[in-house]
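Engineer: Before I ask anything, here is the structure I am working with.
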Amino acid sequence: MSQLPETINGYDAPHSTQFSVFLDNRVGKMYELLKIFDGVKLRMVALNVIDSSDHAVVRLITSNSTLAHKLLVENKNAFSECPILLVEFGQGLTLAKLCMTLLSAEISIHYAYSLLIRPHNTAVIALHTDDQYLAGKILQRKDFVLLGEADLCGGGFEDTSGFDSYDLEAG
């Protein structure tokens with residue numbers, strides 16, 4: 001899949017960037033956040049909302065993290081970013097098998113959520129663990145496919161989200 005730079009140890013798992021955007025829990029705040037991505041050259045690949053009584057954290061993954069970062073800064077959004085594994089489920093691979101693989105290596109899953117798109121017409125989840133490097137290495141050994149940001153940019157996938165997605169070739 002993705003060809004990313006290698007670490008000094010000779011390995012770096014393909015990954016994408018997750019943005020965690022902090023919002024006041026008020027009517028219209030989600031709209032204000034999402035409208036900054038309208039009409040730009042990226043796809044909204046995943047969205048996850050964690051809400052409490054006074055604030056919400058919106059986790060976003062896009063097909064262009066550099067542009068997403070720039071837009072969030074320009075619009076003065078409070079956010080953080082971190083690498084996240086994107087795990088594609090091929091033939092015979094299940095969530096239970098993924099969990100057992102990580103459990104056997106004593107790797108804890110902090111959180112997981114599904115993507116809005118389906119590269120290669122298979123299910124994909126975003127996964128954050130207590131050791132992303134080791135999790136990526138072990139999952140690949142067990143035949144799970146890890147996707148990188150470059151895998152999210154082009155065609156060749158089915159958008160099952162019902163949400164708008166933006167053609168990277170369009171102006």
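Identifiers for the structure tokens are assigned positionally: chains receive A, B, ... in sequence, residues are indexed from 1 per chain, and ligands are indexed from 1 in the order shown.
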Using only C-alpha atoms, determine which residues lie at most 10 Å from range 22-38 of chain A, disregarding the query and same-chain residues fewer than 6 positions distant; provide the list as a short mmCIF file (atom, residue, chain, number, x, y, z; two decimals) with N, CA and C atoms, in the first residue's frame.
Structural biologist:
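selection26.cif was written with the following content:
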```cif
data_model
loop_
_atom_site.label_atom_id
_atom_site.label_comp_id
_atom_site.auth_asym_id
_atom_site.auth_seq_id
_atom_site.Cartn_x
_atom_site.Cartn_y
_atom_site.Cartn_z
N MET A 44 -13.42 14.02 3.45
CA MET A 44 -13.64 13.74 4.86
C MET A 44 -13.73 12.22 4.94
N VAL A 49 -17.53 11.72 17.10
CA VAL A 49 -17.83 12.80 18.05
C VAL A 49 -17.94 12.22 19.45
N ILE A 50 -17.22 12.86 20.37
CA ILE A 50 -17.32 12.52 21.79
C ILE A 50 -17.87 13.76 22.47
N ASP A 51 -19.01 13.61 23.11
CA ASP A 51 -19.62 14.81 23.65
C ASP A 51 -19.85 14.69 25.15
N SER A 52 -19.82 15.83 25.81
CA SER A 52 -20.14 15.91 27.23
C SER A 52 -21.08 17.09 27.40
N SER A 53 -21.41 17.43 28.62
CA SER A 53 -22.40 18.48 28.85
C SER A 53 -21.95 19.86 28.37
N ASP A 54 -20.66 20.16 28.42
CA ASP A 54 -20.22 21.50 28.05
C ASP A 54 -19.28 21.59 26.84
N HIS A 55 -18.77 20.46 26.36
CA HIS A 55 -17.89 20.51 25.20
C HIS A 55 -17.97 19.20 24.41
N ALA A 56 -17.42 19.24 23.22
CA ALA A 56 -17.34 18.04 22.38
C ALA A 56 -15.95 17.97 21.77
N VAL A 57 -15.51 16.76 21.53
CA VAL A 57 -14.27 16.54 20.79
C VAL A 57 -14.67 15.83 19.50
N VAL A 58 -14.31 16.44 18.38
CA VAL A 58 -14.62 15.86 17.08
C VAL A 58 -13.32 15.32 16.49
N ARG A 59 -13.28 14.01 16.29
CA ARG A 59 -12.11 13.39 15.67
C ARG A 59 -12.35 13.33 14.17
N LEU A 60 -11.39 13.83 13.41
CA LEU A 60 -11.50 13.88 11.96
C LEU A 60 -10.28 13.24 11.32
N THR A 62 -8.84 13.12 7.28
CA THR A 62 -9.07 13.59 5.92
C THR A 62 -8.04 12.96 4.99
N LEU A 67 -3.47 20.16 4.30
CA LEU A 67 -4.51 21.15 4.03
C LEU A 67 -5.48 21.26 5.21
N ALA A 68 -5.86 20.13 5.79
CA ALA A 68 -6.78 20.16 6.94
C ALA A 68 -6.16 20.95 8.10
N LEU A 71 -6.34 24.67 7.33
CA LEU A 71 -7.70 25.20 7.48
C LEU A 71 -8.09 25.34 8.94
N LEU A 72 -7.73 24.37 9.76
CA LEU A 72 -8.05 24.45 11.19
C LEU A 72 -7.33 25.62 11.86
N GLU A 74 -6.15 28.40 10.29
CA GLU A 74 -6.70 29.65 9.74
C GLU A 74 -8.03 30.03 10.38
N ASN A 75 -8.82 29.02 10.75
CA ASN A 75 -10.14 29.28 11.33
C ASN A 75 -10.11 29.29 12.85
N ASN A 77 -9.39 27.13 15.15
CA ASN A 77 -9.94 26.01 15.90
C ASN A 77 -8.90 25.48 16.88
N ALA A 78 -9.34 25.13 18.07
CA ALA A 78 -8.46 24.47 19.05
C ALA A 78 -8.43 22.99 18.69
N PHE A 79 -7.24 22.46 18.43
CA PHE A 79 -7.16 21.06 18.02
C PHE A 79 -5.80 20.47 18.37
N SER A 80 -5.75 19.16 18.36
CA SER A 80 -4.49 18.44 18.46
C SER A 80 -4.48 17.43 17.32
N ASP A 164 -20.92 14.38 1.49
CA ASP A 164 -20.21 14.92 0.33
C ASP A 164 -18.75 14.51 0.40
N SER A 165 -18.20 14.18 -0.74
CA SER A 165 -16.75 13.98 -0.82
C SER A 165 -16.27 14.79 -2.00
N TYR A 166 -15.05 15.22 -1.96
CA TYR A 166 -14.56 16.17 -2.92
C TYR A 166 -13.54 15.53 -3.83
#
```
Engineer: So that I can check the secondary structure, give me every residue of range 65-95 of chain A assigned strand (DSSP E or B) by backbone DSSP, as a PyMOL selection string.
Structural biologist: chain A and resi 78-88
Engineer: Next, the residues of the selection above should be written as an mmCIF file, in the first residue's frame with C-alpha atoms.
Structural biologist:
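This is the output file result-v7.cif:
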```cif
data_model
loop_
_atom_site.group_PDB
_atom_site.id
_atom_site.type_symbol
_atom_site.label_atom_id
_atom_site.label_comp_id
_atom_site.auth_asym_id
_atom_site.auth_seq_id
_atom_site.Cartn_x
_atom_site.Cartn_y
_atom_site.Cartn_z
ATOM 1 C CA ALA A 78 -8.464 24.471 19.050
ATOM 2 C CA PHE A 79 -7.162 21.058 18.024
ATOM 3 C CA SER A 80 -4.492 18.438 18.457
ATOM 4 C CA GLU A 81 -3.249 15.854 16.019
ATOM 5 C CA CYS A 82 -1.812 12.374 16.287
ATOM 6 C CA PRO A 83 -0.941 9.472 14.011
ATOM 7 C CA ILE A 84 -3.642 6.838 13.690
ATOM 8 C CA LEU A 85 -3.607 3.371 12.137
ATOM 9 C CA LEU A 86 -6.129 2.642 9.393
ATOM 10 C CA VAL A 87 -6.759 -1.101 9.334
ATOM 11 C CA GLU A 88 -8.390 -2.688 6.293
#
```
Engineer: As a VMD selection string, please: every residue in range 16-141 of chain A that a backbone DSSP assignment puts in alpha helix (DSSP H).
Structural biologist: chain A and resid 29 to 35 65 to 74 95 to 104 132 to 141
Engineer: Can you work out the spacing between CA of Lys97 in chain A and CA of Leu116 in chain A in Å, to one decimal?
Structural biologist: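 It comes out at 21.9 Å.
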Engineer: Any idea what's packed within 12 Å of range 138-141 of chain A, counting only C-alpha atoms, ignoring anything in its chain fewer than 6 positions away? Could you give it as a ChimeraX atom specification?
Structural biologist: /A:1,11-14,85-90,93-95,97-107,127,129,131-132,147
Engineer: Just the number, please: distance in Å from CA of Ala96 in chain A to CA of Leu146 in chain A, one decimal.
Structural biologist: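 According to the coordinates, CA of Ala96 in chain A and CA of Leu146 in chain A are separated by 16.9 Å.
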Engineer: One decimal, in Å: what's the spacing between CA of Arg118 in chain A and CA of Arg43 in chain A?
Structural biologist: 12.4 Å
